[in-house]
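Next comes final.csv, a file with CSV, C-alpha atoms.
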```
chain,number,residue,atom,x,y,z
A,21,THR,CA,0.0,0.0,0.0
A,22,ALA,CA,1.0,3.6,-0.2
A,23,ASN,CA,1.9,3.8,3.5
A,24,ALA,CA,3.8,0.5,3.8
A,25,ASN,CA,7.6,0.5,3.7
A,26,VAL,CA,8.9,-1.1,0.6
A,27,THR,CA,12.5,-2.3,-0.3
A,28,ILE,CA,13.3,-3.1,-3.9
A,29,THR,CA,16.0,-5.8,-3.8
A,30,ASN,CA,15.9,-7.2,-7.4
A,31,ALA,CA,16.7,-5.3,-10.6
A,32,ILE,CA,13.6,-4.4,-12.7
A,33,GLY,CA,13.8,-3.9,-16.4
A,34,ILE,CA,10.6,-3.7,-18.5
A,35,ALA,CA,9.3,-2.1,-21.8
A,36,GLY,CA,6.8,0.1,-20.1
A,37,PRO,CA,6.3,2.6,-17.2
A,38,ILE,CA,7.2,1.8,-13.6
A,39,SER,CA,5.4,3.3,-10.7
A,40,ILE,CA,6.0,2.4,-7.1
A,41,TYR,CA,4.1,3.7,-4.0
A,42,ALA,CA,5.3,3.3,-0.5
A,43,GLY,CA,5.8,4.9,2.9
A,44,THR,CA,9.6,4.7,3.1
A,45,LEU,CA,10.9,3.5,-0.2
A,46,ASN,CA,14.4,2.0,-0.4
A,47,VAL,CA,15.5,1.2,-4.0
A,48,ASN,CA,18.4,-1.2,-3.5
A,49,ASN,CA,18.7,-2.2,-7.1
A,50,SER,CA,18.5,-0.7,-10.6
A,51,LEU,CA,15.3,0.2,-12.5
A,52,THR,CA,15.1,0.4,-16.3
A,53,SER,CA,12.4,1.2,-18.7
A,54,THR,CA,13.2,0.6,-22.4
A,55,LEU,CA,9.9,1.9,-23.9
A,56,SER,CA,10.3,5.3,-25.5
A,57,GLY,CA,8.6,7.9,-23.4
A,58,ALA,CA,7.7,5.6,-20.5
A,59,ALA,CA,8.2,7.1,-17.1
A,60,ILE,CA,9.7,5.8,-13.8
A,61,SER,CA,7.8,7.3,-10.9
A,62,LEU,CA,8.6,6.7,-7.3
A,63,TYR,CA,6.3,8.0,-4.5
A,64,GLY,CA,7.0,7.8,-0.8
A,65,SER,CA,4.8,9.3,1.9
A,66,ALA,CA,8.1,9.4,3.9
A,67,LYS,CA,11.6,9.0,2.5
A,68,ILE,CA,13.0,7.7,-0.8
A,69,THR,CA,16.5,6.3,-1.1
A,70,LEU,CA,18.5,5.0,-4.0
A,71,ALA,CA,21.4,2.7,-3.0
A,72,ALA,CA,25.0,3.2,-3.9
A,73,SER,CA,26.1,2.4,-7.5
A,74,LYS,CA,22.5,1.7,-8.7
A,75,THR,CA,20.9,3.3,-11.8
A,76,ILE,CA,17.5,4.4,-12.8
A,77,GLN,CA,17.2,4.8,-16.5
A,78,THR,CA,14.5,5.6,-19.0
A,79,ASN,CA,14.3,6.0,-22.8
A,80,ALA,CA,13.2,9.6,-23.0
A,81,GLY,CA,10.7,9.1,-20.2
A,82,GLU,CA,10.4,11.2,-17.0
A,83,ILE,CA,12.2,10.1,-13.8
A,84,LEU,CA,10.2,11.3,-10.8
A,85,PHE,CA,11.0,11.0,-7.1
A,86,LYS,CA,8.2,12.4,-5.0
A,87,ALA,CA,8.9,12.0,-1.3
A,88,ASN,CA,6.6,13.1,1.6
A,89,SER,CA,3.8,12.8,-1.0
A,90,GLY,CA,1.2,13.5,1.7
A,91,ALA,CA,2.7,17.0,2.3
A,92,THR,CA,4.2,16.1,5.7
A,93,SER,CA,7.8,17.0,6.7
A,94,ALA,CA,8.7,13.4,7.4
A,95,GLY,CA,10.4,12.6,4.1
A,96,GLY,CA,13.4,13.3,2.0
A,97,ILE,CA,15.5,12.0,-0.8
A,98,GLU,CA,18.9,10.4,-0.6
A,99,LEU,CA,20.9,9.2,-3.6
A,100,GLY,CA,23.8,7.0,-2.7
A,101,SER,CA,27.4,7.2,-3.8
A,102,GLY,CA,27.9,6.2,-7.4
A,103,SER,CA,24.2,6.1,-8.2
A,104,SER,CA,22.8,7.5,-11.5
A,105,LEU,CA,19.6,8.9,-12.9
A,106,LEU,CA,19.7,8.7,-16.7
A,107,SER,CA,16.6,9.9,-18.7
A,108,GLN,CA,17.9,10.1,-22.3
A,109,GLY,CA,15.8,13.2,-23.0
A,110,GLY,CA,13.1,12.9,-20.4
A,111,ASN,CA,12.7,15.2,-17.5
A,112,ILE,CA,14.2,14.4,-14.1
A,113,THR,CA,12.4,15.8,-11.0
A,114,LEU,CA,13.3,15.3,-7.4
A,115,GLY,CA,10.8,16.8,-5.0
A,116,GLY,CA,7.8,16.0,-2.9
A,117,GLY,CA,4.4,17.3,-1.6
A,118,TYR,CA,5.5,20.1,0.7
A,119,ASN,CA,5.1,23.8,0.1
A,120,GLY,CA,8.1,26.0,-0.4
A,121,SER,CA,9.4,29.3,-1.8
A,122,GLN,CA,8.9,28.2,-5.5
A,123,GLY,CA,5.3,27.0,-5.0
A,124,ASN,CA,3.0,24.5,-3.3
A,125,GLY,CA,3.3,20.7,-3.4
A,126,LEU,CA,6.8,20.7,-5.0
A,127,TYR,CA,9.3,20.0,-2.2
A,128,ALA,CA,10.9,17.0,-0.5
A,129,ALA,CA,10.9,17.9,3.2
A,130,THR,CA,12.6,17.0,6.4
A,131,ALA,CA,12.2,18.0,10.0
A,132,THR,CA,14.4,15.1,11.4
A,133,THR,CA,15.6,15.2,15.0
A,134,GLY,CA,19.3,15.8,14.8
A,135,GLY,CA,19.0,17.1,11.3
A,136,ALA,CA,19.0,15.7,7.8
A,137,PRO,CA,19.0,17.4,4.4
A,138,ALA,CA,15.8,17.2,2.4
A,139,VAL,CA,17.6,16.2,-0.8
A,140,TYR,CA,21.0,14.7,-0.5
A,141,LEU,CA,23.0,14.0,-3.7
A,142,ASN,CA,26.2,12.1,-2.7
A,143,ASN,CA,28.6,11.5,-5.6
A,144,THR,CA,25.6,11.1,-7.9
A,145,THR,CA,25.1,11.6,-11.7
A,146,LEU,CA,21.9,13.2,-13.0
A,147,THR,CA,21.9,13.2,-16.8
A,148,ALA,CA,18.8,14.4,-18.8
A,149,ALA,CA,20.4,14.6,-22.3
A,150,GLY,CA,18.0,17.4,-23.4
A,151,GLY,CA,15.3,17.0,-20.7
A,152,ASN,CA,14.8,19.4,-17.8
A,153,ILE,CA,16.2,18.7,-14.3
A,154,LYS,CA,14.4,20.1,-11.2
A,155,VAL,CA,15.4,19.5,-7.6
A,156,TYR,CA,13.3,20.8,-4.7
A,157,GLY,CA,14.2,20.4,-1.0
A,158,ILE,CA,13.1,22.1,2.2
A,159,ASN,CA,14.3,21.6,5.8
A,160,THR,CA,11.5,22.9,7.9
A,161,THR,CA,12.4,23.2,11.6
A,162,ASN,CA,15.9,21.7,12.4
A,163,TYR,CA,19.3,23.0,11.5
A,164,ASP,CA,20.2,21.3,8.2
A,165,ASP,CA,20.3,21.9,4.4
A,166,GLY,CA,17.4,22.1,2.0
A,167,VAL,CA,19.6,20.5,-0.7
A,168,ARG,CA,23.1,19.2,-0.1
A,169,ILE,CA,25.3,18.2,-3.1
A,170,ASN,CA,28.6,16.3,-2.7
A,171,SER,CA,30.9,15.6,-5.7
A,172,SER,CA,28.0,15.2,-8.2
A,173,SER,CA,27.3,15.8,-11.9
A,174,ILE,CA,24.0,17.4,-12.9
A,175,THR,CA,23.9,17.9,-16.7
A,176,THR,CA,21.6,18.2,-19.7
A,177,THR,CA,22.1,19.2,-23.3
A,178,GLY,CA,20.3,21.3,-26.0
A,179,SER,CA,17.6,23.6,-24.6
A,180,GLY,CA,17.2,21.5,-21.4
A,181,THR,CA,17.1,23.5,-18.2
A,182,ILE,CA,18.3,22.9,-14.7
A,183,GLY,CA,16.7,24.3,-11.5
A,184,ILE,CA,17.9,23.6,-8.0
A,185,TYR,CA,15.8,25.1,-5.2
A,186,GLY,CA,16.5,24.7,-1.5
A,187,ASP,CA,14.8,26.2,1.5
A,188,SER,CA,16.2,25.9,5.0
A,189,TYR,CA,15.6,27.0,8.5
A,190,GLY,CA,19.3,27.7,8.6
A,191,GLY,CA,21.6,27.7,11.5
A,192,TYR,CA,25.2,27.0,12.7
A,193,THR,CA,26.8,24.3,14.9
A,194,SER,CA,29.8,25.8,16.6
A,195,ALA,CA,31.2,22.5,17.8
A,196,SER,CA,31.8,21.3,14.2
A,197,SER,CA,32.0,24.8,12.6
A,198,THR,CA,29.1,23.7,10.3
A,199,SER,CA,26.6,26.1,8.8
A,200,PHE,CA,23.3,24.9,7.3
A,201,ASN,CA,21.9,26.6,4.2
A,202,GLY,CA,19.2,26.5,1.6
A,203,ILE,CA,21.6,24.8,-0.9
A,204,THR,CA,25.1,23.5,0.1
A,205,PHE,CA,27.7,22.4,-2.4
A,206,ASN,CA,29.9,20.4,-0.1
A,207,HIS,CA,33.1,18.2,-0.3
A,208,GLY,CA,34.7,17.5,-3.7
A,209,SER,CA,34.0,18.6,-7.3
A,210,THR,CA,30.5,19.2,-8.6
A,211,THR,CA,29.4,20.2,-12.1
A,212,VAL,CA,26.0,21.7,-13.0
A,213,GLN,CA,25.8,22.2,-16.8
A,214,SER,CA,23.4,22.9,-19.6
A,215,ASN,CA,24.0,23.8,-23.2
A,216,SER,CA,21.5,26.5,-24.3
A,217,GLY,CA,19.1,26.1,-21.5
A,218,ALA,CA,19.0,28.1,-18.3
A,219,VAL,CA,20.6,27.1,-15.1
A,220,GLU,CA,18.9,28.4,-12.0
A,221,ILE,CA,20.1,27.9,-8.4
A,222,ILE,CA,18.0,29.5,-5.7
A,223,GLY,CA,18.5,29.0,-2.0
A,224,THR,CA,16.2,30.6,0.6
A,225,LEU,CA,16.5,30.9,4.4
A,226,THR,CA,13.3,30.7,6.2
A,227,ASN,CA,15.0,31.8,9.5
A,228,ALA,CA,17.6,34.5,8.8
A,229,SER,CA,18.6,35.1,12.4
A,230,ASN,CA,22.0,33.3,12.2
A,231,ALA,CA,24.7,35.2,10.3
A,232,ASN,CA,26.6,32.0,9.5
A,233,ALA,CA,23.8,30.5,7.4
A,234,ASN,CA,23.3,31.3,3.7
A,235,GLY,CA,20.9,30.9,0.9
A,236,VAL,CA,23.5,29.1,-1.2
A,237,SER,CA,26.9,28.0,0.2
A,238,PHE,CA,30.0,26.5,-1.4
A,239,PHE,CA,31.5,25.7,2.1
A,240,SER,CA,29.8,24.3,5.1
A,241,GLY,CA,32.5,22.9,7.4
A,242,SER,CA,36.0,23.5,8.6
A,243,SER,CA,37.6,21.9,5.5
A,244,ASN,CA,36.7,21.4,1.9
A,245,SER,CA,38.4,20.7,-1.4
A,246,GLY,CA,37.6,20.3,-5.1
A,247,THR,CA,36.0,22.6,-7.6
A,248,ILE,CA,32.4,23.8,-8.4
A,249,GLN,CA,31.4,24.4,-12.0
A,250,ILE,CA,28.0,26.0,-12.9
A,251,LEU,CA,27.8,26.4,-16.6
A,252,SER,CA,25.1,27.5,-19.1
A,253,ARG,CA,26.5,27.8,-22.7
A,254,SER,CA,24.9,29.1,-25.8
A,255,GLY,CA,26.2,30.1,-29.3
A,256,GLY,CA,28.8,28.6,-31.6
```

Would you mind writing the file out in structure tokens?
Amino acid sequence: TANANVTITNAIGIAGPISIYAGTLNVNNSLTSTLSGAAISLYGSAKITLAASKTIQTNAGEILFKANSGATSAGGIELGSGSSLLSQGGNITLGGGYNGSQGNGLYAATATTGGAPAVYLNNTTLTAAGGNIKVYGINTTNYDDGVRINSSSITTTGSGTIGIYGDSYGGYTSASSTSFNGITFNHGSTTVQSNSGAVEIIGTLTNASNANANGVSFFSGSSNSGTIQILSRSGG
């Protein structure tokens, strides 16, 4: 059912759409749709995770992650190290059912005790090859990031666009010299790149009382290394 916890342990590959509904959804193996235009849609009333080194791939179909689909703040999205979302021209959307600064019913959300980013991309590849990529994350009450990106590649081609939108309560932990932001690019090298399409990165603090928090940050802790590239190219 839509509220039962589900773990996908076997790889799934079909010539058609894939839709999975769960409470907490753990995708521990790869999902592939070979039918042109067929979508892969994952819905979790709580959290959605994709295990390390696993791939979700469509043939010009949409890839959709919709966490906290019931508009609660008990969800989030986490993509494990080495995982990939490959849509070959379809749109890729990571979000949920929570309201945020960009509109209603768009955001993956967390209010986890002890903190957790709403969307966490950890050494992850998102490639839309001409489709649009949208990422929406909001941390509602605790000190953590709306969207946190570590050592990842987020790319599309042609007129495909990229939008990354993070809202956060903000804050700062002095013991670890860590700030929490709407969007944090953290640890290692990350590329966000389109060809002729727009790239939009918007971070919003919902609680601006702490001077160490930022809408968008390229540094959250006491040490960091690597490069950040944000590119939108047009012309010959």

All residues 12 Å or closer to Asp187 (chain A), all atoms listed in the file, same chain fewer than 6 positions away omitted, as JSON, numbers by chain: {"A": [118, 119, 120, 121, 122, 123, 126, 127, 128, 129, 130, 137, 138, 139, 155, 156, 157, 158, 159, 160, 161, 162, 163, 164, 165, 166, 167, 168, 200, 201, 202, 203, 204, 221, 222, 223, 224, 225, 226, 227, 228, 233, 234, 235, 236]}

Selection from above, C-alpha atoms, as a PDB file, in the coordinates of the input, can you write it?
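Writing done, so here's out.pdb:
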```pdb
ATOM      1  CA  TYR A 118       5.500  20.100   0.700  1.00  0.00           C
ATOM      2  CA  ASN A 119       5.100  23.800   0.100  1.00  0.00           C
ATOM      3  CA  GLY A 120       8.100  26.000  -0.400  1.00  0.00           C
ATOM      4  CA  SER A 121       9.400  29.300  -1.800  1.00  0.00           C
ATOM      5  CA  GLN A 122       8.900  28.200  -5.500  1.00  0.00           C
ATOM      6  CA  GLY A 123       5.300  27.000  -5.000  1.00  0.00           C
ATOM      7  CA  LEU A 126       6.800  20.700  -5.000  1.00  0.00           C
ATOM      8  CA  TYR A 127       9.300  20.000  -2.200  1.00  0.00           C
ATOM      9  CA  ALA A 128      10.900  17.000  -0.500  1.00  0.00           C
ATOM     10  CA  ALA A 129      10.900  17.900   3.200  1.00  0.00           C
ATOM     11  CA  THR A 130      12.600  17.000   6.400  1.00  0.00           C
ATOM     12  CA  PRO A 137      19.000  17.400   4.400  1.00  0.00           C
ATOM     13  CA  ALA A 138      15.800  17.200   2.400  1.00  0.00           C
ATOM     14  CA  VAL A 139      17.600  16.200  -0.800  1.00  0.00           C
ATOM     15  CA  VAL A 155      15.400  19.500  -7.600  1.00  0.00           C
ATOM     16  CA  TYR A 156      13.300  20.800  -4.700  1.00  0.00           C
ATOM     17  CA  GLY A 157      14.200  20.400  -1.000  1.00  0.00           C
ATOM     18  CA  ILE A 158      13.100  22.100   2.200  1.00  0.00           C
ATOM     19  CA  ASN A 159      14.300  21.600   5.800  1.00  0.00           C
ATOM     20  CA  THR A 160      11.500  22.900   7.900  1.00  0.00           C
ATOM     21  CA  THR A 161      12.400  23.200  11.600  1.00  0.00           C
ATOM     22  CA  ASN A 162      15.900  21.700  12.400  1.00  0.00           C
ATOM     23  CA  TYR A 163      19.300  23.000  11.500  1.00  0.00           C
ATOM     24  CA  ASP A 164      20.200  21.300   8.200  1.00  0.00           C
ATOM     25  CA  ASP A 165      20.300  21.900   4.400  1.00  0.00           C
ATOM     26  CA  GLY A 166      17.400  22.100   2.000  1.00  0.00           C
ATOM     27  CA  VAL A 167      19.600  20.500  -0.700  1.00  0.00           C
ATOM     28  CA  ARG A 168      23.100  19.200  -0.100  1.00  0.00           C
ATOM     29  CA  PHE A 200      23.300  24.900   7.300  1.00  0.00           C
ATOM     30  CA  ASN A 201      21.900  26.600   4.200  1.00  0.00           C
ATOM     31  CA  GLY A 202      19.200  26.500   1.600  1.00  0.00           C
ATOM     32  CA  ILE A 203      21.600  24.800  -0.900  1.00  0.00           C
ATOM     33  CA  THR A 204      25.100  23.500   0.100  1.00  0.00           C
ATOM     34  CA  ILE A 221      20.100  27.900  -8.400  1.00  0.00           C
ATOM     35  CA  ILE A 222      18.000  29.500  -5.700  1.00  0.00           C
ATOM     36  CA  GLY A 223      18.500  29.000  -2.000  1.00  0.00           C
ATOM     37  CA  THR A 224      16.200  30.600   0.600  1.00  0.00           C
ATOM     38  CA  LEU A 225      16.500  30.900   4.400  1.00  0.00           C
ATOM     39  CA  THR A 226      13.300  30.700   6.200  1.00  0.00           C
ATOM     40  CA  ASN A 227      15.000  31.800   9.500  1.00  0.00           C
ATOM     41  CA  ALA A 228      17.600  34.500   8.800  1.00  0.00           C
ATOM     42  CA  ALA A 233      23.800  30.500   7.400  1.00  0.00           C
ATOM     43  CA  ASN A 234      23.300  31.300   3.700  1.00  0.00           C
ATOM     44  CA  GLY A 235      20.900  30.900   0.900  1.00  0.00           C
ATOM     45  CA  VAL A 236      23.500  29.100  -1.200  1.00  0.00           C
TER      46      VAL A 236
END
```

Residue contacts of Ser56 (chain A) (8 Å, all atoms listed in the file) excluding same-chain residues fewer than 3 positions away, as a list in words: Thr78, Asn79, Ala80 and Gly81 of chain A

Pairwise distance for CA of Pro37 (chain A) and CA of Tyr140 (chain A), rounded to one decimal in Å: 25.3 Å

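Residue nearest Tyr63 (chain A), chosen from A:Thr144, A:Leu114, A:Ser50, A:Thr75 and counting all atoms listed in the file: A:Leu114.
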
May I have the residues at most 10 Å from (14.5, 11.4, -23.1) in the file's coordinates, counting all atoms listed in the file, as a PDB file with C-alpha atoms, keeping the file's coordinate frame?
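Final output, selection.pdb:
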```pdb
ATOM      1  CA  SER A  56      10.300   5.300 -25.500  1.00  0.00           C
ATOM      2  CA  GLY A  57       8.600   7.900 -23.400  1.00  0.00           C
ATOM      3  CA  ALA A  58       7.700   5.600 -20.500  1.00  0.00           C
ATOM      4  CA  ALA A  59       8.200   7.100 -17.100  1.00  0.00           C
ATOM      5  CA  GLN A  77      17.200   4.800 -16.500  1.00  0.00           C
ATOM      6  CA  THR A  78      14.500   5.600 -19.000  1.00  0.00           C
ATOM      7  CA  ASN A  79      14.300   6.000 -22.800  1.00  0.00           C
ATOM      8  CA  ALA A  80      13.200   9.600 -23.000  1.00  0.00           C
ATOM      9  CA  GLY A  81      10.700   9.100 -20.200  1.00  0.00           C
ATOM     10  CA  GLU A  82      10.400  11.200 -17.000  1.00  0.00           C
ATOM     11  CA  ILE A  83      12.200  10.100 -13.800  1.00  0.00           C
ATOM     12  CA  LEU A 106      19.700   8.700 -16.700  1.00  0.00           C
ATOM     13  CA  SER A 107      16.600   9.900 -18.700  1.00  0.00           C
ATOM     14  CA  GLN A 108      17.900  10.100 -22.300  1.00  0.00           C
ATOM     15  CA  GLY A 109      15.800  13.200 -23.000  1.00  0.00           C
ATOM     16  CA  GLY A 110      13.100  12.900 -20.400  1.00  0.00           C
ATOM     17  CA  ASN A 111      12.700  15.200 -17.500  1.00  0.00           C
ATOM     18  CA  ILE A 112      14.200  14.400 -14.100  1.00  0.00           C
ATOM     19  CA  THR A 147      21.900  13.200 -16.800  1.00  0.00           C
ATOM     20  CA  ALA A 148      18.800  14.400 -18.800  1.00  0.00           C
ATOM     21  CA  ALA A 149      20.400  14.600 -22.300  1.00  0.00           C
ATOM     22  CA  GLY A 150      18.000  17.400 -23.400  1.00  0.00           C
ATOM     23  CA  GLY A 151      15.300  17.000 -20.700  1.00  0.00           C
ATOM     24  CA  ASN A 152      14.800  19.400 -17.800  1.00  0.00           C
TER      25      ASN A 152
END
```

Which of A:Asn232, A:Thr175, A:Ile34, A:Val212 sits closest to Ser199 (chain A) [using only C-alpha atoms]: A:Asn232

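Neighbours of Lys86 (chain A) closer than or equal to 8 Å, with all atoms listed in the file counted and sequence neighbours fewer than 4 positions away skipped, come out as Ser61, Leu62, Tyr63, Gly64, Ile68, Leu114, Gly115, Gly116, Gly117 and Ala128 of chain A.
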
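Restricting the calculation to only C-alpha atoms, the smallest distance between Thr181 (chain A) and any of A:Asn46, A:Asn88, A:Ser216, A:Asn142 is found for A:Ser216.
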
Surrounding residues of Asn48 (chain A) excluding itself and chain neighbours under 6 positions, 12 Å, only C-alpha atoms, as a VMD selection string: chain A and resid 26 to 32 68 to 76 98 to 100 103

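Our summary of the geometry notes that CA of Ala218 (chain A) is positioned 11.6 Å from CA of Lys154 (chain A).
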
Point-to-point distance from CA of Thr177 (chain A) to CA of Leu146 (chain A), Å rounded to tenths: 11.9 Å

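Distances here use all atoms listed in the file; by that measure, the residue among A:Ser214, A:Ser173, A:Asn143, A:Thr113 closest to Phe85 (chain A) is A:Thr113.
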